[in-house]
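Q: Pasting a structure here, questions to come.
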Amino acid sequence: MNDIQNEFISTVSHELRTPLTSIRGFSQTLLGSWDKLDDESKKKFIGIIEEQSNRLINLVENILTVSKINSDKPITREVDVNKSIDKVVQMLALKYKEHHIITKLNKQIPSVRLDDDKFQQIMTNLIENACKYSEIGKTVTISTSFANSDKVLISIKDEGVGIEEKNIDKIFEKFIRLE
């Protein structure tokens with residue numbers, strides 16, 4: 001039971017860190033550079049803070065809900081995948097200004113039933129890793145398309161060094177970091 005609790009605490013800490021980091025970073029930027037920022041940038045930063053605060057609230061609500069029902073079922077709803085990806089990209093584009101983050105989103109993709117908070121966390125982790133492990137000035141491309149009539153394909157392509165073949169299986173382990 002202790003291992004399960006430790007894993008739960010580790011996972012919750014990891015999931016909460018991203019929105020908290022964004023809220024803190026954009027708040028610090030606003031506080032430190034208020035006079036230097038134009039009104040459009042201020043509104044954009046405050047919008048991201050609000051969005052990430054809402055995401056944090058949803059994560060906490062999901063944690064409370066899951067602890068109450070003690071179930072492995074995700075909390076799902078109909079979500080516009082492209083809008084969720086756009087939200088993540090807008091946030092990360094401000095954080096990784098030195099990269100070229102491009103989206104090629106198929107506008108024909110219908111809403112999908114999923115847990116939007118978990119989906120945004122996954123997209124944030126993947127896109128952030130693509131930026132972290134690509135050299136400054138390189139391009140990260142996120143695209144959506146149809147894999148077939150009932151599946152959506154999401155692709156994230158970067159110009160980083162890649163992952164050695166022998167380490168491919170390790171990328172699905174929690175909190176693994178490769179050299």
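By convention here, the chains of the structure tokens are called A, B, ... in the order presented, each chain's residues are numbered starting at 1, and ligands are numbered starting at 1 in the order presented.
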Excluding Val152 (chain A) and its own-chain neighbours fewer than 3 positions away, which residues fall within 10 Å of it when counting only C-alpha atoms? Please give them as a VMD selection string.
A: chain A and resid 81 106 109 to 110 112 144 to 149 155
Q: For Glu98 (chain A), list every protein, DNA or RNA residue within 12 Å, evaluated using only C-alpha atoms, and leave out those in the same chain fewer than 3 positions away; present the list as a CSV table (one decimal) with N, CA, C and O atoms, in the first residue's frame.
A:
```
chain,number,residue,atom,x,y,z
A,92,LEU,N,3.2,27.3,-24.5
A,92,LEU,CA,4.6,26.9,-24.7
A,92,LEU,C,5.4,27.8,-25.7
A,92,LEU,O,6.6,28.0,-25.5
A,93,ALA,N,4.7,28.4,-26.6
A,93,ALA,CA,5.3,29.3,-27.6
A,93,ALA,C,5.9,30.5,-26.8
A,93,ALA,O,7.0,31.0,-27.2
A,94,LEU,N,5.2,31.0,-25.8
A,94,LEU,CA,5.8,32.1,-25.0
A,94,LEU,C,6.9,31.6,-24.1
A,94,LEU,O,7.9,32.4,-23.9
A,95,LYS,N,6.9,30.4,-23.7
A,95,LYS,CA,8.0,29.9,-22.9
A,95,LYS,C,9.2,29.6,-23.7
A,95,LYS,O,10.4,29.8,-23.3
A,101,ILE,N,7.5,27.0,-33.2
A,101,ILE,CA,6.5,26.0,-33.0
A,101,ILE,C,5.3,26.2,-34.0
A,101,ILE,O,4.7,27.3,-34.0
A,131,CYS,N,10.8,20.7,-27.5
A,131,CYS,CA,11.5,22.0,-27.5
A,131,CYS,C,12.8,21.8,-26.7
A,131,CYS,O,13.8,22.3,-27.1
A,132,LYS,N,12.7,21.2,-25.5
A,132,LYS,CA,13.9,21.0,-24.6
A,132,LYS,C,15.0,20.3,-25.3
A,132,LYS,O,16.2,20.7,-25.1
A,134,SER,N,15.6,20.0,-28.6
A,134,SER,CA,16.0,20.5,-29.9
A,134,SER,C,16.8,21.8,-29.7
A,134,SER,O,16.7,22.5,-28.7
A,135,GLU,N,17.7,22.0,-30.6
A,135,GLU,CA,18.6,23.2,-30.5
A,135,GLU,C,17.8,24.5,-30.7
A,135,GLU,O,16.7,24.4,-31.3
A,136,ILE,N,18.3,25.5,-30.1
A,136,ILE,CA,17.6,26.8,-30.3
A,136,ILE,C,17.5,27.2,-31.7
A,136,ILE,O,18.4,26.9,-32.5
A,137,GLY,N,16.3,27.7,-32.1
A,137,GLY,CA,16.1,28.1,-33.5
A,137,GLY,C,15.5,27.0,-34.3
A,137,GLY,O,15.1,27.2,-35.5
A,138,LYS,N,15.4,25.8,-33.8
A,138,LYS,CA,14.8,24.7,-34.6
A,138,LYS,C,13.3,24.7,-34.5
A,138,LYS,O,12.7,25.4,-33.7
A,139,THR,N,12.7,23.9,-35.4
A,139,THR,CA,11.3,23.8,-35.5
A,139,THR,C,10.7,22.6,-34.9
A,139,THR,O,11.2,21.5,-35.0
A,140,VAL,N,9.5,22.8,-34.2
A,140,VAL,CA,8.7,21.8,-33.7
A,140,VAL,C,7.3,21.9,-34.4
A,140,VAL,O,6.7,23.0,-34.4
```
Q: What are the DSSP strand (DSSP E) residues of region 3-169 of chain A, as a PyMOL selection string?
A: chain A and resi 77-79+100-105+112-114+139-148+151-157
Q: Counting only C-alpha atoms, figure out which residue out of A:Ser41, A:Gln121, A:Asn129, A:Gln52 gets nearest to Ser22 (chain A).
A: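 Among A:Ser41, A:Gln121, A:Asn129, A:Gln52, it is A:Gln52 that comes nearest to Ser22 (chain A).
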Q: Do you have the CA of Met91 (chain A)-CA of Asp150 (chain A) distance handy?
A: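 CA of Asp150 (chain A) lies at a distance of 29.1 Å from CA of Met91 (chain A).
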Q: So what do you get for CA of Leu56 (chain A) versus CA of Thr18 (chain A), distance-wise?
A: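 Interatomic distance, CA of Leu56 (chain A) to CA of Thr18 (chain A): 9.0 Å.
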Q: Skip His14 (chain A) itself and residues of its chain fewer than 4 positions away, then list as a PyMOL selection string all residues within 12 Å of it, counting only C-alpha atoms.
A: chain A and resi 7-10+18-21+59+118+121-122+125+174-175
Q: Rank A:Ser27, A:Phe172, A:Lys107, A:Asp117 by their smallest atom-to-atom distance to Val60 (chain A), using only C-alpha atoms, and report the top residue only.
A: A:Asp117
Q: Please identify all polymer residues within 7 Å of Ser111 (chain A), counting only C-alpha atoms, omitting same-chain residues fewer than 4 positions from it, and present them as a VMD selection string.
A: chain A and resid 78 to 81
Q: Residues of the last selection are to be written out with N, CA, C and O atoms, as a compact mmCIF listing (two decimals), in the first residue's frame.
A:
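So the final result, stored in part-v6.txt, reads:
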```txt
# COMPACT_ATOMS: atom_id res chain seq x y z
N GLU A 78 -16.77 15.61 -24.40
CA GLU A 78 -16.48 15.93 -25.79
C GLU A 78 -15.53 17.12 -25.84
O GLU A 78 -15.80 18.16 -25.21
N VAL A 79 -14.42 16.97 -26.55
CA VAL A 79 -13.37 18.00 -26.59
C VAL A 79 -12.94 18.24 -28.03
O VAL A 79 -12.78 17.29 -28.80
N ASP A 80 -12.75 19.50 -28.38
CA ASP A 80 -12.16 19.87 -29.66
C ASP A 80 -10.65 19.73 -29.50
O ASP A 80 -10.00 20.55 -28.85
N VAL A 81 -10.08 18.66 -30.06
CA VAL A 81 -8.66 18.35 -29.92
C VAL A 81 -7.80 19.51 -30.41
O VAL A 81 -6.80 19.87 -29.77
```
Q: For the alpha helix (DSSP H) assignment from backbone DSSP, which residues of chain A qualify? Please present them as a PyMOL selection string.
A: chain A and resi 2-33+39-69+81-95+116-132
Q: Which residue gives the smallest distance to Phe45 (chain A) among A:Ser84, A:Gln90, A:Gln108, A:Asn58, with only C-alpha atoms counted?
A: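 Residue with the minimum atom-to-atom distance to Phe45 (chain A): A:Gln90.
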Q: I need the residue nearest Lys42 (chain A) from this list: A:Asn6, A:Phe119, A:Glu173, A:Phe26. Use only C-alpha atoms for the distance.
A: A:Phe26
